[in-house]
There are 2 protein chains.
Amino acid sequence: MTESIDVVGIVGSLRRQSFSHRLALALASVAPGGLSIDLVPIGGLALYNQDDDAEPPTPWREFRERVRRADAVLFVTPEYNRSIPGALKNAIDVGSRPYGQSAWSGKPCAVVSCSPGSQGAFGANHHLRQCLVFLNMPVMQQPEAYIGGVDKLVDEQGKFTNPSTGEFCRGVMSSFERWIRAVRSP
Amino acid sequence: MTESIDVVGIVGSLRRQSFSHRLALALASVAPGGLSIDLVPIGGLALYNQDDDAEPPTPWREFRERVRRADAVLFVTPEYNRSIPGALKNAIDVGSRPYGQSAWSGKPCAVVSCSPGSQGAFGANHHLRQCLVFLNMPVMQQPEAYIGGVDKLVDEQGKFTNPSTGEFCRGVMSSFERWIRAVRSP
């Protein structure tokens, strides 16, 4: 796999000016040329209900197909109540069904969490990692990325305002490319 | 507090015939007379988006008001992808906002998790407990309730088909009443 790698980026917050969205843009801006990052929205996905599996809503089908086409997944998430946002968990649930047809299975991924506070959404980051076990998504272990004080590190246009954060995130994305190529090589 | 205790019951699955819903009915049927259990649906809550806090959707306001009126909360949940369902996490997020006005704060609660498999949704149960820390909801520690094989223990009408499960759950609900009265007494 020397061609460009198609990465679906999932942002855990639905807020238009969310720090996670800004950070996702900033991460994309420092990604190596081999990664193509497409931020796929999750706010239009109805709450998962197994009763709807027989006739899934169009946004569910489109989301599942988009994830299925991807080579890898980048999660960028805040923490809500010491876990991942309900909207992100719902996207995970929607993508994982119908039973036995998960769109996530086998996709290499990375988790970057962020908060204005000091802990960088550690609780959300690791709750998400527990889900990734079941989803069979090989997740990059190092470097871990808990971006605390994110409101002071990335601006509204998704540009790093702190050079050392930018360098750290450049390293995260380079490692992610190597991880994806290692996991997906035959 | 010797009067009846108003308990909001939250079921984590939206499926009409969900095992969690059946189990919630069964738990209500063996609850002591001092507990009044009202199953409050969560499927009509739009995904939480902070941008909507200024003009919250009516279902959000009604849900928050209902929780705020309650003396206590009973969570009955399956496990989706080794965590709680997105729909349940979303209900938690909706009830916890706007910032500083959480409807959950201080409400004593209990968590009962269930699965057709053998582990009884242990992963979901404990992810939920991590959220309860932040929500400041004093949660009953013992007895823990991980109801494995639930499909063989409760019928479609929410009746226990296994007497020992019924007795165990009767004990859970009696302990829950004692817990609520202990936590809420001045």
# chains A, B, ... in the order shown; residues from 1 in each chain; ligands from 1
call {"tool": "closest_atom_pairs", "arguments": {"of": "chain A", "to": "chain B", "cutoff": "9 Å", "atoms": "only C-alpha atoms", "output": "CSV"}}
result
residue,atom,partner,partner_atom,distance
A:Ser13,CA,B:Asn49,CA,7.4
A:Leu14,CA,B:Asn49,CA,5.3
A:Arg15,CA,B:Asn49,CA,5.6
A:Arg16,CA,B:Asp51,CA,7.3
A:Gln17,CA,B:Asp51,CA,8.9
A:Gly43,CA,B:Leu47,CA,7.1
A:Gly44,CA,B:Leu47,CA,8.7
A:Leu45,CA,B:Leu47,CA,8.6
A:Ala46,CA,B:Ala46,CA,8.0
A:Leu47,CA,B:Ala87,CA,5.8
A:Tyr48,CA,B:Ala87,CA,7.0
A:Asn49,CA,B:Leu14,CA,5.4
A:Gln50,CA,B:Arg15,CA,5.7
A:Asp51,CA,B:Arg15,CA,5.6
A:Asp52,CA,B:Arg15,CA,8.7
A:Tyr80,CA,B:Asp93,CA,6.8
A:Asn81,CA,B:Cys131,CA,5.2
A:Arg82,CA,B:Cys131,CA,5.2
A:Ser83,CA,B:Cys131,CA,6.4
A:Ile84,CA,B:Lys89,CA,8.2
A:Pro85,CA,B:Lys89,CA,6.9
A:Gly86,CA,B:Asn90,CA,4.0
A:Ala87,CA,B:Leu47,CA,5.8
A:Leu88,CA,B:Gly86,CA,7.4
A:Lys89,CA,B:Gly86,CA,4.5
A:Asn90,CA,B:Gly86,CA,4.0
A:Ala91,CA,B:Gly86,CA,7.7
A:Ile92,CA,B:Gly86,CA,8.0
A:Asp93,CA,B:Gly86,CA,6.8
A:Ser96,CA,B:Asn81,CA,8.0
A:Gly123,CA,B:Gln130,CA,8.5
A:His127,CA,B:His127,CA,7.2
A:Leu128,CA,B:Ser83,CA,8.6
A:Gln130,CA,B:Arg82,CA,6.4
A:Cys131,CA,B:Asn81,CA,5.2
A:Leu132,CA,B:Asn81,CA,7.9
A:Val133,CA,B:Arg82,CA,8.1
A:Phe134,CA,B:Asn81,CA,5.7
A:Leu135,CA,B:Asn81,CA,6.7
call {"tool": "closest_residue", "arguments": {"among": "A:Arg69, A:His126, A:Arg97, A:Arg181", "to": "Val111 (chain A)", "atoms": "only C-alpha atoms"}}
result
A:His126
call {"tool": "select_by_dssp", "arguments": {"residues": "chain A", "states": "strand (DSSP E or B)", "output": "number ranges by chain"}}
result
A: 5-11, 35-39, 72-77, 80, 83, 109-115, 139, 145-148, 154, 160
call {"tool": "write_last_selection", "arguments": {"atoms": "C-alpha atoms", "output": "PDB file, in the first residue's frame"}}
result
ATOM      1  CA  ILE A   5      -4.527   6.102   2.627  1.00  0.00           C
ATOM      2  CA  ASP A   6      -8.201   6.956   2.983  1.00  0.00           C
ATOM      3  CA  VAL A   7      -8.817   7.924   6.625  1.00  0.00           C
ATOM      4  CA  VAL A   8     -12.301   8.624   7.947  1.00  0.00           C
ATOM      5  CA  GLY A   9     -12.118  11.224  10.713  1.00  0.00           C
ATOM      6  CA  ILE A  10     -14.854  11.080  13.356  1.00  0.00           C
ATOM      7  CA  VAL A  11     -15.336  14.074  15.640  1.00  0.00           C
ATOM      8  CA  LEU A  35      -2.876  10.265   4.549  1.00  0.00           C
ATOM      9  CA  SER A  36      -6.085  11.688   3.119  1.00  0.00           C
ATOM     10  CA  ILE A  37      -8.400  12.645   5.980  1.00  0.00           C
ATOM     11  CA  ASP A  38     -12.130  13.030   5.410  1.00  0.00           C
ATOM     12  CA  LEU A  39     -14.161  14.309   8.379  1.00  0.00           C
ATOM     13  CA  ALA A  72      -8.445   3.606   8.625  1.00  0.00           C
ATOM     14  CA  VAL A  73     -10.265   5.726  11.211  1.00  0.00           C
ATOM     15  CA  LEU A  74      -9.143   8.705  13.283  1.00  0.00           C
ATOM     16  CA  PHE A  75     -11.253   9.477  16.349  1.00  0.00           C
ATOM     17  CA  VAL A  76     -11.027  12.975  17.847  1.00  0.00           C
ATOM     18  CA  THR A  77     -13.203  13.346  20.893  1.00  0.00           C
ATOM     19  CA  TYR A  80     -18.791  14.111  28.365  1.00  0.00           C
ATOM     20  CA  SER A  83     -16.956   8.943  28.883  1.00  0.00           C
ATOM     21  CA  CYS A 109      -7.374   3.522  14.073  1.00  0.00           C
ATOM     22  CA  ALA A 110      -6.052   6.180  16.408  1.00  0.00           C
ATOM     23  CA  VAL A 111      -7.675   8.052  19.283  1.00  0.00           C
ATOM     24  CA  VAL A 112      -6.923  11.691  20.059  1.00  0.00           C
ATOM     25  CA  SER A 113      -8.874  13.182  22.953  1.00  0.00           C
ATOM     26  CA  CYS A 114      -8.977  16.789  24.087  1.00  0.00           C
ATOM     27  CA  SER A 115     -10.398  19.107  26.707  1.00  0.00           C
ATOM     28  CA  VAL A 139      -5.584   0.930  17.688  1.00  0.00           C
ATOM     29  CA  ALA A 145      -2.639  11.840  22.733  1.00  0.00           C
ATOM     30  CA  TYR A 146      -4.508  13.575  25.529  1.00  0.00           C
ATOM     31  CA  ILE A 147      -4.602  17.234  24.496  1.00  0.00           C
ATOM     32  CA  GLY A 148      -5.357  19.286  27.613  1.00  0.00           C
ATOM     33  CA  VAL A 154      -5.737  25.537  18.389  1.00  0.00           C
ATOM     34  CA  PHE A 160      -2.056  25.252  15.917  1.00  0.00           C
TER      35      PHE A 160
END
call {"tool": "atom_distance", "arguments": {"atom1": "CA of Glu62 (chain A)", "atom2": "CA of Ser105 (chain A)"}}
result
16.8 Å
call {"tool": "residues_around", "arguments": {"residues": "Lys107 (chain B)", "least_positions_apart": "6", "cutoff": "8 Å", "atoms": "only C-alpha atoms", "output": "list in words"}}
result
Ala70, Asp71, Ala72, Val73, Asn136, Met137 and Pro138 of chain B
call {"tool": "atom_distance", "arguments": {"atom1": "CA of Leu27 (chain B)", "atom2": "CA of Cys169 (chain B)"}}
result
6.3 Å
call {"tool": "atom_distance", "arguments": {"atom1": "CA of Glu3 (chain A)", "atom2": "CA of Ser20 (chain A)"}}
result
27.9 Å
call {"tool": "decode", "arguments": {"residues": "region 141-153 of chain B", "atoms": "all heavy atoms", "output": "compact mmCIF listing (two decimals), in the first residue's frame"}}
result
# COMPACT_ATOMS: atom_id res chain seq x y z
N GLN B 141 -23.78 0.09 45.80
CA GLN B 141 -22.62 -0.74 45.47
C GLN B 141 -22.95 -2.23 45.50
O GLN B 141 -22.51 -3.00 44.65
CB GLN B 141 -21.48 -0.46 46.46
CG GLN B 141 -21.00 1.01 46.48
CD GLN B 141 -20.28 1.42 45.22
OE1 GLN B 141 -20.87 1.45 44.13
NE2 GLN B 141 -19.01 1.75 45.34
N GLN B 142 -23.70 -2.63 46.52
CA GLN B 142 -24.08 -4.04 46.66
C GLN B 142 -25.56 -4.15 46.94
O GLN B 142 -26.10 -3.32 47.66
CB GLN B 142 -23.29 -4.68 47.82
CG GLN B 142 -21.81 -4.81 47.56
CD GLN B 142 -21.50 -5.79 46.45
OE1 GLN B 142 -22.25 -6.74 46.22
NE2 GLN B 142 -20.39 -5.57 45.76
N PRO B 143 -26.20 -5.17 46.41
CA PRO B 143 -25.65 -6.20 45.52
C PRO B 143 -25.43 -5.67 44.11
O PRO B 143 -26.20 -4.86 43.62
CB PRO B 143 -26.74 -7.27 45.53
CG PRO B 143 -28.00 -6.54 45.82
CD PRO B 143 -27.62 -5.40 46.72
N GLU B 144 -24.35 -6.12 43.48
CA GLU B 144 -24.17 -5.89 42.05
C GLU B 144 -25.15 -6.78 41.29
O GLU B 144 -25.48 -7.87 41.75
CB GLU B 144 -22.74 -6.24 41.62
CG GLU B 144 -21.67 -5.40 42.31
CD GLU B 144 -20.31 -6.08 42.26
OE1 GLU B 144 -20.02 -6.92 43.16
OE2 GLU B 144 -19.53 -5.79 41.36
N ALA B 145 -25.56 -6.33 40.09
CA ALA B 145 -26.53 -7.13 39.33
C ALA B 145 -26.13 -7.19 37.86
O ALA B 145 -26.34 -6.24 37.11
CB ALA B 145 -27.93 -6.53 39.49
N TYR B 146 -25.51 -8.30 37.51
CA TYR B 146 -25.15 -8.59 36.11
C TYR B 146 -25.99 -9.80 35.71
O TYR B 146 -25.65 -10.93 36.08
CB TYR B 146 -23.67 -8.94 35.99
CG TYR B 146 -22.74 -8.01 36.76
CD1 TYR B 146 -22.17 -8.41 37.97
CD2 TYR B 146 -22.45 -6.74 36.27
CE1 TYR B 146 -21.33 -7.57 38.67
CE2 TYR B 146 -21.61 -5.89 36.98
CZ TYR B 146 -21.05 -6.30 38.18
OH TYR B 146 -20.22 -5.47 38.89
N ILE B 147 -27.09 -9.56 34.99
CA ILE B 147 -28.03 -10.65 34.71
C ILE B 147 -27.68 -11.29 33.38
O ILE B 147 -28.12 -10.84 32.31
CB ILE B 147 -29.49 -10.14 34.72
CG1 ILE B 147 -29.77 -9.29 35.97
CG2 ILE B 147 -30.45 -11.31 34.59
CD1 ILE B 147 -29.72 -10.04 37.27
N GLY B 148 -26.89 -12.34 33.41
CA GLY B 148 -26.55 -13.10 32.20
C GLY B 148 -27.66 -14.08 31.85
O GLY B 148 -28.44 -14.49 32.73
N GLY B 149 -27.73 -14.46 30.58
CA GLY B 149 -28.76 -15.40 30.15
C GLY B 149 -30.16 -14.86 30.32
O GLY B 149 -31.12 -15.61 30.53
N VAL B 150 -30.30 -13.54 30.22
CA VAL B 150 -31.58 -12.89 30.55
C VAL B 150 -32.72 -13.39 29.66
O VAL B 150 -33.88 -13.42 30.09
CB VAL B 150 -31.44 -11.35 30.46
CG1 VAL B 150 -31.17 -10.90 29.02
CG2 VAL B 150 -32.68 -10.65 31.01
N ASP B 151 -32.39 -13.81 28.44
CA ASP B 151 -33.44 -14.28 27.53
C ASP B 151 -34.15 -15.53 28.06
O ASP B 151 -35.28 -15.82 27.66
CB ASP B 151 -32.86 -14.55 26.14
CG ASP B 151 -31.66 -15.48 26.18
OD1 ASP B 151 -30.83 -15.37 27.12
OD2 ASP B 151 -31.55 -16.34 25.29
N LYS B 152 -33.49 -16.22 28.96
CA LYS B 152 -34.10 -17.44 29.52
C LYS B 152 -34.70 -17.21 30.90
O LYS B 152 -35.20 -18.15 31.54
CB LYS B 152 -33.06 -18.56 29.59
CG LYS B 152 -32.52 -18.96 28.23
CD LYS B 152 -31.33 -19.92 28.36
CE LYS B 152 -30.53 -19.92 27.08
NZ LYS B 152 -29.80 -18.62 26.83
N LEU B 153 -34.62 -15.99 31.41
CA LEU B 153 -35.00 -15.73 32.80
C LEU B 153 -36.24 -14.84 32.94
O LEU B 153 -36.86 -14.80 34.00
CB LEU B 153 -33.83 -15.07 33.55
CG LEU B 153 -32.52 -15.88 33.54
CD1 LEU B 153 -31.40 -15.07 34.18
CD2 LEU B 153 -32.70 -17.20 34.26
